[in-house]
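A.B. asks: Please find one structure pasted underneath; my questions will follow.
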Amino acid sequence: INQNFTQQILKQASSKSRQVFDLPNPFFDDEESGGMEPASVAYRYRKFDLGDGVNLIARTELHGIVKKAKSQQYMTAFALNEWDSRSATAGIEWRAKLDSQRGAVLATELKNNSCKIAKWTAQSILAGADQMKVGFVSRVSRTNNYEHAVLATQSYRPKEFAAQITLNVHNMWGIIKMLVELFKNQPQGKYVLMRDPNKPVVRLYSVPPGTFEEEDEDEIEGAE
């Protein structure tokens, strides 16, 4: 749903008016594309100084550009999905209340999907996006998981939205810095960071260097 939404909200532009970045999509292969064009997305590499000689390089995503007056603003786009308005956790039927009570709809989504919305906001901040467009998408029929309708969209400024949902950006960077320091103190190797399923604890496990590689090879052989 997210991928389809990011493409549907874009203006159908010609190849001349389309914004082209310096380098092509690194994940698109012309030989395997079958004549199809890649989805419109830009990968933006950004460098962040965490202090103490530590630099973080992040690959971020941008989904479009919004033209305002004589300026251009980078945009990210994400979709919230209403799958069943009559479920116990839904709370508000979007088709009936979205226009008049959009704030209440968003508050309910924050209650049920706070982690997902915080992740989208953090992604937008990391990408340096000026706007984060959120779409409210619902199933045409609650029993049909293939057809959906975009009921409304709302644009937010990522940093202002982070304050609105009580996402502490300084605390976010503090967690990253803590993890960097944790890994710096470990010997060279392969590690798995995993959340404990029964406790609010994140654990770090050291695994052999070849872990997961054999499984990937088996999947490729099976696909052939």
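Following the order of the structure tokens, chains are lettered A, B, ..., residues in each are numbered from 1, and ligands are numbered from 1.
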Skip Tyr156 (chain A) itself and residues of its chain fewer than 3 positions away, then list as a PyMOL selection string all residues within 12 Å of it, counting only C-alpha atoms.
C.D. replies: chain A and resi 75-78+120-121+124-125+129-135+153+159-165
A.B. asks: I need the residues in chain A that are helix (DSSP H, G or I) according to DSSP; give them as a PyMOL selection string.
C.D. replies: chain A and resi 2-8+30-32+94-97+102-112+114-127+158-164+169-184+213-223
A.B. asks: Which one is closest to Ile65 (chain A): A:Lys11, A:Arg102, A:Pro26, A:Cys115? Count only C-alpha atoms.
C.D. replies: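 Closest to Ile65 (chain A) of all the choices is A:Lys11.
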A.B. asks: Which neighbours of Val140 (chain A) fall inside 8 Å, counting only C-alpha atoms, when residues of the same chain fewer than 6 positions from it are skipped, and could you give them as JSON, numbers by chain?
C.D. replies: {"A": [147, 148, 149]}
A.B. asks: Just the selected residues (C-alpha atoms), exported as a compact mmCIF listing (two decimals), in the first residue's frame, please.
C.D. replies:
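As a result, out.txt now contains:
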```txt
# COMPACT_ATOMS: atom_id res chain seq x y z
CA GLU A 147 -8.79 -2.85 -3.79
CA HIS A 148 -8.27 0.33 -1.76
CA ALA A 149 -9.33 3.97 -1.90
```
A.B. asks: Taking the DSSP assignment computed from this structure's backbone, write out as a ChimeraX atom specification all residues of region 46-158 of chain A that belong to strand (DSSP E).
C.D. replies: /A:46-51,54-62,64-68,71-82,131-139,148-156
A.B. asks: Just to be explicit: take each residue in the selection above, keep C-alpha atoms, and write the result as a PDB file, in the first residue's frame.
C.D. replies:
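result.pdb was written with the following content:
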```
ATOM      1  CA  ARG A  46      23.642  11.971   4.205  1.00  0.00           C
ATOM      2  CA  LYS A  47      26.491  12.313   6.677  1.00  0.00           C
ATOM      3  CA  PHE A  48      25.920  13.080  10.360  1.00  0.00           C
ATOM      4  CA  ASP A  49      28.607  14.002  12.886  1.00  0.00           C
ATOM      5  CA  LEU A  50      27.904  12.246  16.195  1.00  0.00           C
ATOM      6  CA  GLY A  51      30.920  13.738  17.950  1.00  0.00           C
ATOM      7  CA  VAL A  54      32.200   9.321  14.861  1.00  0.00           C
ATOM      8  CA  ASN A  55      30.443   9.971  11.539  1.00  0.00           C
ATOM      9  CA  LEU A  56      27.259   8.231  10.449  1.00  0.00           C
ATOM     10  CA  ILE A  57      26.470   7.721   6.755  1.00  0.00           C
ATOM     11  CA  ALA A  58      22.780   6.999   6.102  1.00  0.00           C
ATOM     12  CA  ARG A  59      20.967   6.111   2.891  1.00  0.00           C
ATOM     13  CA  THR A  60      17.592   7.813   3.023  1.00  0.00           C
ATOM     14  CA  GLU A  61      14.595   7.906   0.696  1.00  0.00           C
ATOM     15  CA  LEU A  62      12.721  10.788  -0.890  1.00  0.00           C
ATOM     16  CA  GLY A  64       8.875  13.432  -4.528  1.00  0.00           C
ATOM     17  CA  ILE A  65       9.420  17.161  -4.863  1.00  0.00           C
ATOM     18  CA  VAL A  66       6.794  19.799  -4.096  1.00  0.00           C
ATOM     19  CA  LYS A  67       7.061  23.062  -5.990  1.00  0.00           C
ATOM     20  CA  LYS A  68       6.030  26.138  -3.991  1.00  0.00           C
ATOM     21  CA  SER A  71      11.293  26.968  -4.336  1.00  0.00           C
ATOM     22  CA  GLN A  72      11.341  23.184  -4.359  1.00  0.00           C
ATOM     23  CA  GLN A  73      10.759  21.082  -1.264  1.00  0.00           C
ATOM     24  CA  TYR A  74      11.679  17.447  -0.729  1.00  0.00           C
ATOM     25  CA  MET A  75       8.806  15.181   0.273  1.00  0.00           C
ATOM     26  CA  THR A  76       8.304  11.766   1.805  1.00  0.00           C
ATOM     27  CA  ALA A  77       4.989   9.895   1.639  1.00  0.00           C
ATOM     28  CA  PHE A  78       3.422   7.168   3.769  1.00  0.00           C
ATOM     29  CA  ALA A  79      -0.019   5.585   4.022  1.00  0.00           C
ATOM     30  CA  LEU A  80      -2.138   4.676   7.028  1.00  0.00           C
ATOM     31  CA  ASN A  81      -4.464   1.782   6.279  1.00  0.00           C
ATOM     32  CA  GLU A  82      -7.970   1.223   7.620  1.00  0.00           C
ATOM     33  CA  GLN A 131       7.218  17.714   4.000  1.00  0.00           C
ATOM     34  CA  MET A 132       5.829  14.366   5.089  1.00  0.00           C
ATOM     35  CA  LYS A 133       2.589  13.522   3.311  1.00  0.00           C
ATOM     36  CA  VAL A 134       0.355  11.019   5.098  1.00  0.00           C
ATOM     37  CA  GLY A 135      -2.426   9.282   3.224  1.00  0.00           C
ATOM     38  CA  PHE A 136      -5.520   7.756   4.798  1.00  0.00           C
ATOM     39  CA  VAL A 137      -6.222   4.607   2.785  1.00  0.00           C
ATOM     40  CA  SER A 138      -9.162   2.274   3.314  1.00  0.00           C
ATOM     41  CA  ARG A 139     -10.355  -0.956   1.754  1.00  0.00           C
ATOM     42  CA  HIS A 148      -8.271   0.327  -1.764  1.00  0.00           C
ATOM     43  CA  ALA A 149      -9.327   3.971  -1.903  1.00  0.00           C
ATOM     44  CA  VAL A 150      -7.375   7.052  -0.824  1.00  0.00           C
ATOM     45  CA  LEU A 151      -9.832   8.952   1.386  1.00  0.00           C
ATOM     46  CA  ALA A 152      -7.650  11.957   2.222  1.00  0.00           C
ATOM     47  CA  THR A 153      -4.087  13.219   2.520  1.00  0.00           C
ATOM     48  CA  GLN A 154      -2.450  15.509   5.023  1.00  0.00           C
ATOM     49  CA  SER A 155       0.986  17.161   4.880  1.00  0.00           C
ATOM     50  CA  TYR A 156       3.156  17.794   7.940  1.00  0.00           C
TER      51      TYR A 156
END
```
A.B. asks: I'd like to know which of A:Met194, A:Val202, A:Ala127, A:Ile9 is closest to Ala42 (chain A), using only C-alpha atoms.
C.D. replies: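 Residue with the minimum atom-to-atom distance to Ala42 (chain A): A:Ala127.
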A.B. asks: Which residues, written as an MDAnalysis selection string, have at least one atom at most 12 Å from Lys190 (chain A), with only C-alpha atoms counted and residues fewer than 2 positions away on the same chain left out?
C.D. replies: chainID A and resid 183 186:188 192:193 204:213
A.B. asks: Might you pull out every residue within 10 Å of Gln7 (chain A), with only C-alpha atoms counted and same-chain residues fewer than 2 positions away left off, and present them as a VMD selection string?
C.D. replies: chain A and resid 2 to 5 9 to 12 39 to 41 63 to 64 77
A.B. asks: Would you write out those residues with N, CA and C atoms, as a compact mmCIF listing (two decimals), in the first residue's frame?
C.D. replies:
```
# COMPACT_ATOMS: atom_id res chain seq x y z
N ASN A 2 1.93 1.23 0.82
CA ASN A 2 2.82 2.38 0.88
C ASN A 2 3.44 2.68 -0.48
N GLN A 3 3.95 1.65 -1.14
CA GLN A 3 4.62 1.85 -2.41
C GLN A 3 3.65 2.37 -3.47
N ASN A 4 2.46 1.81 -3.53
CA ASN A 4 1.47 2.27 -4.50
C ASN A 4 1.05 3.71 -4.21
N PHE A 5 0.89 4.04 -2.94
CA PHE A 5 0.47 5.39 -2.57
C PHE A 5 1.52 6.42 -2.98
N ILE A 9 0.29 9.58 -5.84
CA ILE A 9 0.14 11.00 -5.50
C ILE A 9 1.04 11.89 -6.35
N LEU A 10 1.92 11.28 -7.16
CA LEU A 10 2.83 12.07 -7.97
C LEU A 10 2.18 12.54 -9.26
N LYS A 11 2.56 13.70 -9.69
CA LYS A 11 2.09 14.22 -10.97
C LYS A 11 2.78 13.47 -12.10
N GLN A 12 2.01 13.07 -13.10
CA GLN A 12 2.58 12.37 -14.25
C GLN A 12 3.40 13.37 -15.07
N ALA A 39 10.23 2.48 -9.94
CA ALA A 39 9.35 3.36 -9.16
C ALA A 39 10.08 4.67 -8.89
N SER A 40 9.33 5.75 -8.86
CA SER A 40 9.93 7.07 -8.66
C SER A 40 10.34 7.23 -7.19
N VAL A 41 11.63 7.12 -6.94
CA VAL A 41 12.18 7.28 -5.60
C VAL A 41 13.62 7.74 -5.74
N HIS A 63 10.48 10.68 -1.81
CA HIS A 63 9.45 10.16 -2.71
C HIS A 63 8.94 11.19 -3.72
N GLY A 64 9.34 12.44 -3.57
CA GLY A 64 8.88 13.43 -4.53
C GLY A 64 9.38 14.82 -4.19
N ALA A 77 6.42 10.24 1.63
CA ALA A 77 4.99 9.90 1.64
C ALA A 77 4.79 8.52 2.27
```
A.B. asks: Using CA of Tyr146 (chain A) and CA of Ile1 (chain A) as the two end points, give the distance in Å to one decimal.
C.D. replies: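 That distance, rounded to one decimal, is 9.6 Å.
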A.B. asks: Take CA of Ile117 (chain A) and CA of Val180 (chain A) and report the distance between them in Å, one decimal.
C.D. replies: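 Atom-to-atom, CA of Ile117 (chain A) to CA of Val180 (chain A), that is 24.1 Å.
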A.B. asks: Find the distance between CA of Ser114 (chain A) and CA of Asn168 (chain A) and write it in Å to one decimal.
C.D. replies: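 That distance, rounded to one decimal, is 13.2 Å.
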A.B. asks: Using only C-alpha atoms for the distances, tell me which of A:Thr166, A:Asn171, A:Phe21, A:Arg44 is nearest to Gly128 (chain A).
C.D. replies: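 Among the listed residues, the smallest separation from Gly128 (chain A) belongs to A:Arg44.
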